[in-house]
Amino acid sequence: MSEVKFEHKIASWKVDEVNSLKELLKSGNVIALIDMMEVPSVQLQEIRDTIRDSMTLKMSRNTLMKRAIEEVAEETGNPSFTKLIDCMEKGAALIATEMNPFKLYKTLNESKSPAPIKAGATAPCDIEIKAGSTGMPPGPFLSELKAVGLPAAIEKGKIGIKEDTIVAKEGDVVSAKLAVVLSKLDIKPMEVGLNVLGVYEDGIVYDPEILKIDEDEFLAKLQSAYTGAFNLSVNAVIPTSATIETIVQKAFSNAKAVSIEGAFLTSETSDAILGKATAQMLAVAKLAGEDALDDELKG
Amino acid sequence: MEYIYAALLLNSADKEITEDAVKAVLTAAGVEADDARVKALVAALEGVDIEEAIAKAAAAPVAVAAAPA
Amino acid sequence: MEYIYAALLLNSADKEITEDAVKAVLTAAGVEADDARVKALVAALEGVDIEEAIAKAAAAPVAVAAAPA
Amino acid sequence: MEYIYAALLLNSADKEITEDAVKAVLTAAGVEADDARVKALVAALEGVDIEEAIAKAAAAPVAVAAAPA
Amino acid sequence: MEYIYAALLLNSADKEITEDAVKAVLTAAGVEADDARVKALVAALEGVDIEEAIAKAAAAPVAVAAAPA
Amino acid sequence: MEYIYAALLLNSADKEITEDAVKAVLTAAGVEADDARVKALVAALEGVDIEEAIAKAAAAPVAVAAAPA
Amino acid sequence: MEYIYAALLLNSADKEITEDAVKAVLTAAGVEADDARVKALVAALEGVDIEEAIAKAAAAPVAVAAAPA
């Protein structure tokens with residue numbers, strides 16, 4: 001394909017827009033393609049405030065962003081950059097940052113906020129309504145609740161839900177009636193914010209799936225690694241400041257065990273050995289019954 | 001408790017726990033053996049698995065501070 | 001444990017734990033008394049408060065500071 | 001686990017756990033460091049207090065399987 | 001614990017745990033490797049089944065059978 | 001406990017626990033070895049499976065009489 | 001474990017734990033003492049209160065997660 005040429009017919013604002021986008025694309029080492037998810041303006045502003053210092057966000061039309069990416073790829077002699085276009089979908093925006101792609105993903109994920117679910121949307125997870133009072137006075141709301149399958153009744157003068165109920169399972173399409181009810185109950189099952197479609201850094205485009213870090217799993221691995229190291233140090237007697245005490249204790253504990261097992265009296269174990277013999281004597285005494293015991297023992 | 005220790009001693013020497021045996025041990029220790037008690041002891045320990053009783057008792061006392069659940 | 005049993009037997013009978021006494025008790029029980037072991041036993045028990053050790057063992061097998069859940 | 005060990009090594013030596021540091025350690029060990037994995041490691045560590053994680057692991061050396069009777 | 005982690009890193013990467021290898025890893029981490037400690041580490045690991053040593057609990061877990069009173 | 005440590009040292013080094021061996025170790029440590037005690041040690045450990053004794057102590061279940069709140 | 005047993009033997013006999021002392025004990029036991037390991041252990045034990053470490057372990061209450069009956 002020959003190089004892209006801007007003809008005089010293309011609106012100048014588009015040219016400016018593409019140039020502006022190209023500038024953005026060259027401004028950071030890490031470029032992310034974002035889906036705006038129709039995030040409401042209030043939330044968007046909150047998110048912008050959160051990310052202001054660490055990244056630059058720019059929304060635009062997909063076609064213009066595509067053109068900008070292609071041109072930058074060519075200008076910088078970096079064809080792999082165009083792979084980012086493959087991730088494009090829905091309402092996209094671009095982010096330029098120096099942040100590590102994994103951290104970027106985490107940051108944007110954490111900046112998402114709960115939002116109500118719209119009619120016709122798919123439930124992202126099981127939506128459960130907990131039992132309790134809705135705070136609403138008796139009225140048509142009662143039948144609305146019942147219409148969506150909730151066990152509702154008047155309790156202590158207010159409309160209440162009698163037991164925990166799952167009104168929609170993950171993947172279910174939410175009806176208009178249910179959407180209204182959930183909204184009235186102030187239940188926000190959706191997470192809106194900036195959705196990562198793909199992140200480019202150093203010739204590689206990272207798929208969002210790869211960028212997810214399971215923190216619990218990571219923590220478990222860290223702890224397991226530490227414990228393993230601790231064990232190795234003690235078991236192989238490779239002393240470190242963190243394990244020398246345990247090594248000493250283990251050696252002593254072994255010595256104690258052998259001393260007691262062999263009934264070899266030492267100042268550290270005479271009590272335990274005499275105690276063991278006494279315990280054995282008492283155990284046999286129990287079996288011997290009343291008549292064989294003296295008063296002292298019975299005590 | 002001398003009587004029980006006598007029994008334990010005989011047991012560890014793989015000797016039969018008879019009235020005469022127990023008496024002999026006690027006497028050697030300078031104890032005036034009570035015939036009735038010796039009889040009762042021997043009778044009571046008849047058929048008793050001393051090894052088993054000893055094994056069960058071997059668990060060393062441990063100071064445990066049970067932390068609330 | 002035979003040597004320990006012998007010592008505790010004597011202790012229980014309020015007899016002095018001497019090498020001769022221990023040897024006599026062991027022999028009477030049919031245990032082949034090792035002179036060195038008898039010597040070591042008596043020496044090791046010198047200065048040991050037997051009553052105290054016994055009392056510790058006789059008390060609850062596990063001293064638990066059970067904090068209520 | 002090499003990535004985790006590299007991180008713990010740096011931590012134990014009071015060095016900062018940066019992408020370059022991790023890469024240097026892995027390379028010295030003859031491991032072909034995967035850039036993505038290194039980045040993932042560093043990002044994951046941001047939300048973790050290693051000393052705290054270690055302390056928690058160290059405090060549970062006694063794994064008690066308390067079986068209610 | 002740097003020396004231990006260095007060994008575990010090499011082990012995890014299926015590399016031989018030699019004095020040179022350990023030293024290289026430690027140096028890359030910015031640690032001033034103590035020759036004697038490196039030597040001691042390698043010597044201690046000779047003939048040791050590392051996987052086994054890692055898995056065996058050093059501070060023995062205590063199996064508790066908690067019997068409610 | 002020197003005597004026991006001497007025995008464990010020999011055992012750990014796969015050496016036989018004989019009176020001469022124990023005496024040599026103690027003497028090298030600057031300890032005035034008591035012949036009777038050395039003899040007693042060797043005799044006492046004759047019937048002991050050291051590995052087993054160590055393992056048993058490490059895994060010993062602790063019977064806890066946990067009083068419920 | 002020979003190295004630590006040698007060190008504790010010296011400690012138990014109220015002798016100083018020096019590289020020469022440890023080496024002498026190991027050699028007397030017929031062990032080919034690795035100089036680096038001896039050095040590392042002695043260095044690690046410097047500043048460690050052995051009696052205290054032992055007391056800590058002996059008295060360490062076993063933290064039991066008492067399962068409610």
# chains A, B, ... in the order shown; residues from 1 in each chain; ligands from 1
$ select_by_dssp --residues "chain F" --states "helix (DSSP H, G or I)" --output "PyMOL selection string"
chain F and resi 2-12+19-28+35-46+50-59
$ select_by_dssp --residues "region 140-228 of chain A" --states "strand (DSSP E)" --output "JSON, numbers by chain"
{"A": [152, 153, 154, 155, 158, 159, 160, 161, 165, 166, 167, 168, 190, 191, 192, 195, 196, 197, 198, 199, 200, 201, 204, 205, 206]}
$ residues_around --residues "Val48 (chain C)" --least-positions-apart "6" --cutoff "10 Å" --atoms "only C-alpha atoms" --output "list in words"
Ser267, Ser270 and Asp271 of chain A
$ calpha_fit_rmsd --fixed "chain C" --moving "chain B"
2.4 Å
$ interface_residues --of "chain B" --to "chain A" --cutoff "7 Å" --atoms "only C-alpha atoms" --output "MDAnalysis selection string"
chainID B and resid 1 4:5 37 40:41 44:45 50 53:54 57:58 60
$ residues_around --residues "Ala28 (chain C)" --least-positions-apart "3" --cutoff "7 Å" --atoms "only C-alpha atoms" --output "ChimeraX atom specification"
/B:24-25,28 /C:24-25
$ residues_around --residues "Ser12 (chain C)" --least-positions-apart "2" --cutoff "7 Å" --atoms "only C-alpha atoms" --output "CSV table (one decimal) with N, CA, C and O atoms, in the first residue's frame"
chain,number,residue,atom,x,y,z
B,1,MET,N,3.3,-47.0,96.0
B,1,MET,CA,3.6,-47.1,94.6
B,1,MET,C,4.7,-48.1,94.4
B,1,MET,O,5.0,-48.4,93.2
B,2,GLU,N,5.4,-48.5,95.5
B,2,GLU,CA,6.5,-49.4,95.3
B,2,GLU,C,6.0,-50.7,94.6
B,2,GLU,O,6.8,-51.3,93.8
C,8,LEU,N,12.8,-44.9,91.7
C,8,LEU,CA,11.5,-44.4,92.2
C,8,LEU,C,10.9,-45.4,93.2
C,8,LEU,O,10.2,-45.0,94.1
C,9,LEU,N,11.2,-46.7,93.0
C,9,LEU,CA,10.7,-47.6,94.0
C,9,LEU,C,11.3,-47.3,95.4
C,9,LEU,O,10.6,-47.2,96.4
C,10,LEU,N,12.6,-47.2,95.4
C,10,LEU,CA,13.3,-46.9,96.7
C,10,LEU,C,12.7,-45.6,97.2
C,10,LEU,O,12.5,-45.4,98.4
C,14,ASP,N,10.7,-44.6,100.7
C,14,ASP,CA,11.5,-43.8,101.6
C,14,ASP,C,12.8,-44.3,102.0
C,14,ASP,O,13.4,-44.2,103.1
